[in-house]
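Student: To start, I am sharing the structure in question, which I have written as structure tokens.
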Amino acid sequence: MDKVNKIHTLSPDKWIDNYSDYLFNYAVVRVNNSDTAKDLVQETFFAGLRSAKNFEGKSTERTWLISILKRKIIDYYRKINSKKGQAEVRMSFYESGENEGNWIEERVPQSWNSEAEKNIENEELKSQIDICIDKLPEKYAMVFRMKTIQEFETEEICKELDITPSNLWVIIHRARTQLRTCMEKNWFNK
């Protein structure tokens, strides 16, 4: 039979029996939420019905439905990463008790003292970073401060300290490695 004359047909009445489990498993792995995965599969079936006339038979029915589902998953992530989408993302606030339920993210009650706690923690962190920078060899500390804190250009630092750009990046790398070690010992392992 000539491929051009072949009739491409879909069997939407069999989609649920034939593909729903596969599509659900495909979606749930990607969105990590069974309710969202179910909604996406349902949207996929509706989109498939709406665009059935566009099915050209170049792939199997399942492959065609998966491509629709992939686009639905991408749209889902675009939506939740947009400003409007973030406002609609529901998050669990209380896990049990009389207040159990979901809240729209932008309306979730915030901690009353979070700003004061953050300021204190930021001051402590800054203090520990300064202590760790002071423990670096003098040249490492100087280059690190100039490049990352004072935001001097590489060219300026090299001219000022009479070093090559590659030497500067070696010093920065070594300074960062030593700072990480110091912070791990003195901040993260408190």
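The chains in the structure tokens are called A, B, ... from first to last as shown; in each chain the residues are counted from 1, and the ligands are counted from 1 in the order shown.
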Please provide the set of residues having any atom within 10 Å of Gly48 of chain A, restricted to only C-alpha atoms, with same-chain residues fewer than 2 positions apart removed, written as a list in words.
Tutor: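 My list of contacting residues is Leu10, Pro12, Trp15, Gln42, Glu43, Thr44, Phe45, Phe46, Arg50, Ser51, Ala52, Lys53, Asn54, Phe55, Glu61, Trp64, Leu65, Ile68 and Leu69 of chain A.
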Student: Mind checking which residues fall within 10 Å of Thr181 of chain A, counting only C-alpha atoms, ignoring those fewer than 6 positions away in the same chain, and posting them as a list in words?
Tutor: Cys132, Ala175 and Trp187 of chain A
Student: Nearest residue to Ala27 of chain A out of A:Thr60, A:Ile129, A:Ile66, A:Arg174, using only C-alpha atoms?
Tutor: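 The closest residue to Ala27 of chain A is A:Ile66.
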Student: Name the closest residue to Cys158 of chain A among the candidates A:Met146, A:Ile133, A:Ile74, A:Met183; distances are taken between atoms, counting only C-alpha atoms.
Tutor: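 Of A:Met146, A:Ile133, A:Ile74, A:Met183, the one nearest Cys158 of chain A, counting only C-alpha atoms, is A:Met146.
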Student: Considering only C-alpha atoms, state which residue in the set A:Asn122, A:Asn33, A:Ser127, A:Ser67 is at the smallest distance from Asn186 of chain A.
Tutor: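 For Asn186 of chain A, the nearest of the candidates is A:Ser127.
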Student: With a distance cut-off of 10 Å and only C-alpha atoms, select the neighbouring residues of Ile172 of chain A, excluding the residue or stretch itself and same-chain residues fewer than 5 positions from it, and output the selection as a PyMOL selection string.
Tutor: chain A and resi 140-145+147-148+166-167+177-178
Student: Put those residues in a file: all heavy atoms, as a compact mmCIF listing (two decimals), in the first residue's frame.
Tutor:
```
# COMPACT_ATOMS: atom_id res chain seq x y z
N TYR A 140 46.31 36.32 49.15
CA TYR A 140 45.03 35.71 48.81
C TYR A 140 43.88 36.60 49.30
O TYR A 140 42.92 36.84 48.57
CB TYR A 140 44.88 34.33 49.45
CG TYR A 140 45.71 33.23 48.86
CD1 TYR A 140 46.80 33.48 48.03
CD2 TYR A 140 45.42 31.90 49.15
CE1 TYR A 140 47.56 32.45 47.51
CE2 TYR A 140 46.18 30.86 48.64
CZ TYR A 140 47.24 31.15 47.82
OH TYR A 140 48.00 30.12 47.30
N ALA A 141 43.98 37.07 50.54
CA ALA A 141 42.94 37.91 51.12
C ALA A 141 42.79 39.21 50.33
O ALA A 141 41.68 39.65 50.04
CB ALA A 141 43.25 38.21 52.58
N MET A 142 43.91 39.81 49.96
CA MET A 142 43.89 41.06 49.22
C MET A 142 43.22 40.87 47.85
O MET A 142 42.33 41.63 47.48
CB MET A 142 45.33 41.60 49.04
CG MET A 142 45.38 42.96 48.39
SD MET A 142 47.06 43.55 48.06
CE MET A 142 47.90 43.18 49.59
N VAL A 143 43.64 39.86 47.11
CA VAL A 143 43.08 39.60 45.78
C VAL A 143 41.59 39.25 45.90
O VAL A 143 40.76 39.76 45.14
CB VAL A 143 43.85 38.46 45.07
CG1 VAL A 143 43.12 38.01 43.82
CG2 VAL A 143 45.26 38.92 44.73
N PHE A 144 41.25 38.41 46.87
CA PHE A 144 39.84 38.02 47.04
C PHE A 144 38.98 39.24 47.34
O PHE A 144 37.91 39.41 46.74
CB PHE A 144 39.72 36.99 48.17
CG PHE A 144 38.31 36.50 48.34
CD1 PHE A 144 37.80 35.50 47.53
CD2 PHE A 144 37.48 37.05 49.32
CE1 PHE A 144 36.50 35.05 47.68
CE2 PHE A 144 36.19 36.61 49.47
CZ PHE A 144 35.69 35.61 48.66
N ARG A 145 39.42 40.09 48.26
CA ARG A 145 38.63 41.30 48.61
C ARG A 145 38.49 42.23 47.40
O ARG A 145 37.41 42.74 47.14
CB ARG A 145 39.29 42.04 49.77
CG ARG A 145 39.01 41.42 51.11
CD ARG A 145 39.44 42.32 52.26
NE ARG A 145 39.10 41.74 53.52
CZ ARG A 145 39.97 41.20 54.37
NH1 ARG A 145 41.25 41.19 54.09
NH2 ARG A 145 39.55 40.68 55.50
N LYS A 147 38.65 41.54 44.19
CA LYS A 147 37.84 40.99 43.10
C LYS A 147 36.38 40.79 43.50
O LYS A 147 35.48 41.19 42.77
CB LYS A 147 38.44 39.66 42.62
CG LYS A 147 37.75 39.08 41.41
CD LYS A 147 37.95 39.95 40.18
CE LYS A 147 37.22 39.40 38.98
NZ LYS A 147 37.08 40.38 37.93
N THR A 148 36.11 40.18 44.63
CA THR A 148 34.74 39.81 44.97
C THR A 148 34.00 40.82 45.84
O THR A 148 32.78 40.94 45.72
CB THR A 148 34.70 38.43 45.67
OG1 THR A 148 35.45 38.51 46.87
CG2 THR A 148 35.24 37.35 44.77
N SER A 166 45.98 34.78 34.70
CA SER A 166 45.89 33.37 35.10
C SER A 166 46.33 33.19 36.55
O SER A 166 45.74 32.40 37.29
CB SER A 166 46.68 32.47 34.16
OG SER A 166 48.04 32.82 34.17
N ASN A 167 47.33 33.94 36.98
CA ASN A 167 47.78 33.90 38.37
C ASN A 167 46.66 34.40 39.29
O ASN A 167 46.40 33.83 40.35
CB ASN A 167 49.05 34.73 38.55
CG ASN A 167 49.72 34.49 39.89
OD1 ASN A 167 49.30 33.67 40.69
ND2 ASN A 167 50.78 35.25 40.13
N THR A 177 38.65 28.05 47.94
CA THR A 177 38.76 26.70 48.52
C THR A 177 39.04 26.78 50.02
O THR A 177 38.41 26.09 50.82
CB THR A 177 39.87 25.91 47.80
OG1 THR A 177 39.57 25.84 46.41
CG2 THR A 177 39.99 24.50 48.36
N GLN A 178 39.97 27.66 50.40
CA GLN A 178 40.30 27.81 51.82
C GLN A 178 39.13 28.44 52.59
O GLN A 178 38.87 28.05 53.73
CB GLN A 178 41.57 28.65 51.98
CG GLN A 178 42.82 27.90 51.54
CD GLN A 178 44.09 28.72 51.70
OE1 GLN A 178 44.16 29.63 52.53
NE2 GLN A 178 45.11 28.38 50.92
```
Student: Which one of A:Tyr76, A:Leu23, A:Ser34, A:Val28 sits closest to Arg62 of chain A if you count only C-alpha atoms?
Tutor: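 Looking only at the distances to Arg62 of chain A, the closest residue turns out to be A:Leu23.
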Student: Do you have the atom CA of Ile149 of chain A-atom CA of Phe188 of chain A distance handy?
Tutor: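 That distance, rounded to one decimal, is 21.6 Å.
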Student: Can you tell me how far atom CA of Tyr77 of chain A sits from atom CA of Lys14 of chain A, in Å to one decimal?
Tutor: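 If I compute the distance from atom CA of Tyr77 of chain A to atom CA of Lys14 of chain A, I get 28.6 Å.
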Student: To one decimal place, how far is atom CA of Arg78 of chain A from atom CA of Ala47 of chain A in Å?
Tutor: 17.9 Å
Student: Give the answer as one residue: which of A:Ile157, A:Glu151, A:Leu40, A:Leu125 has the shortest atom-to-atom distance to Lys139 of chain A, using only C-alpha atoms?
Tutor: A:Ile157
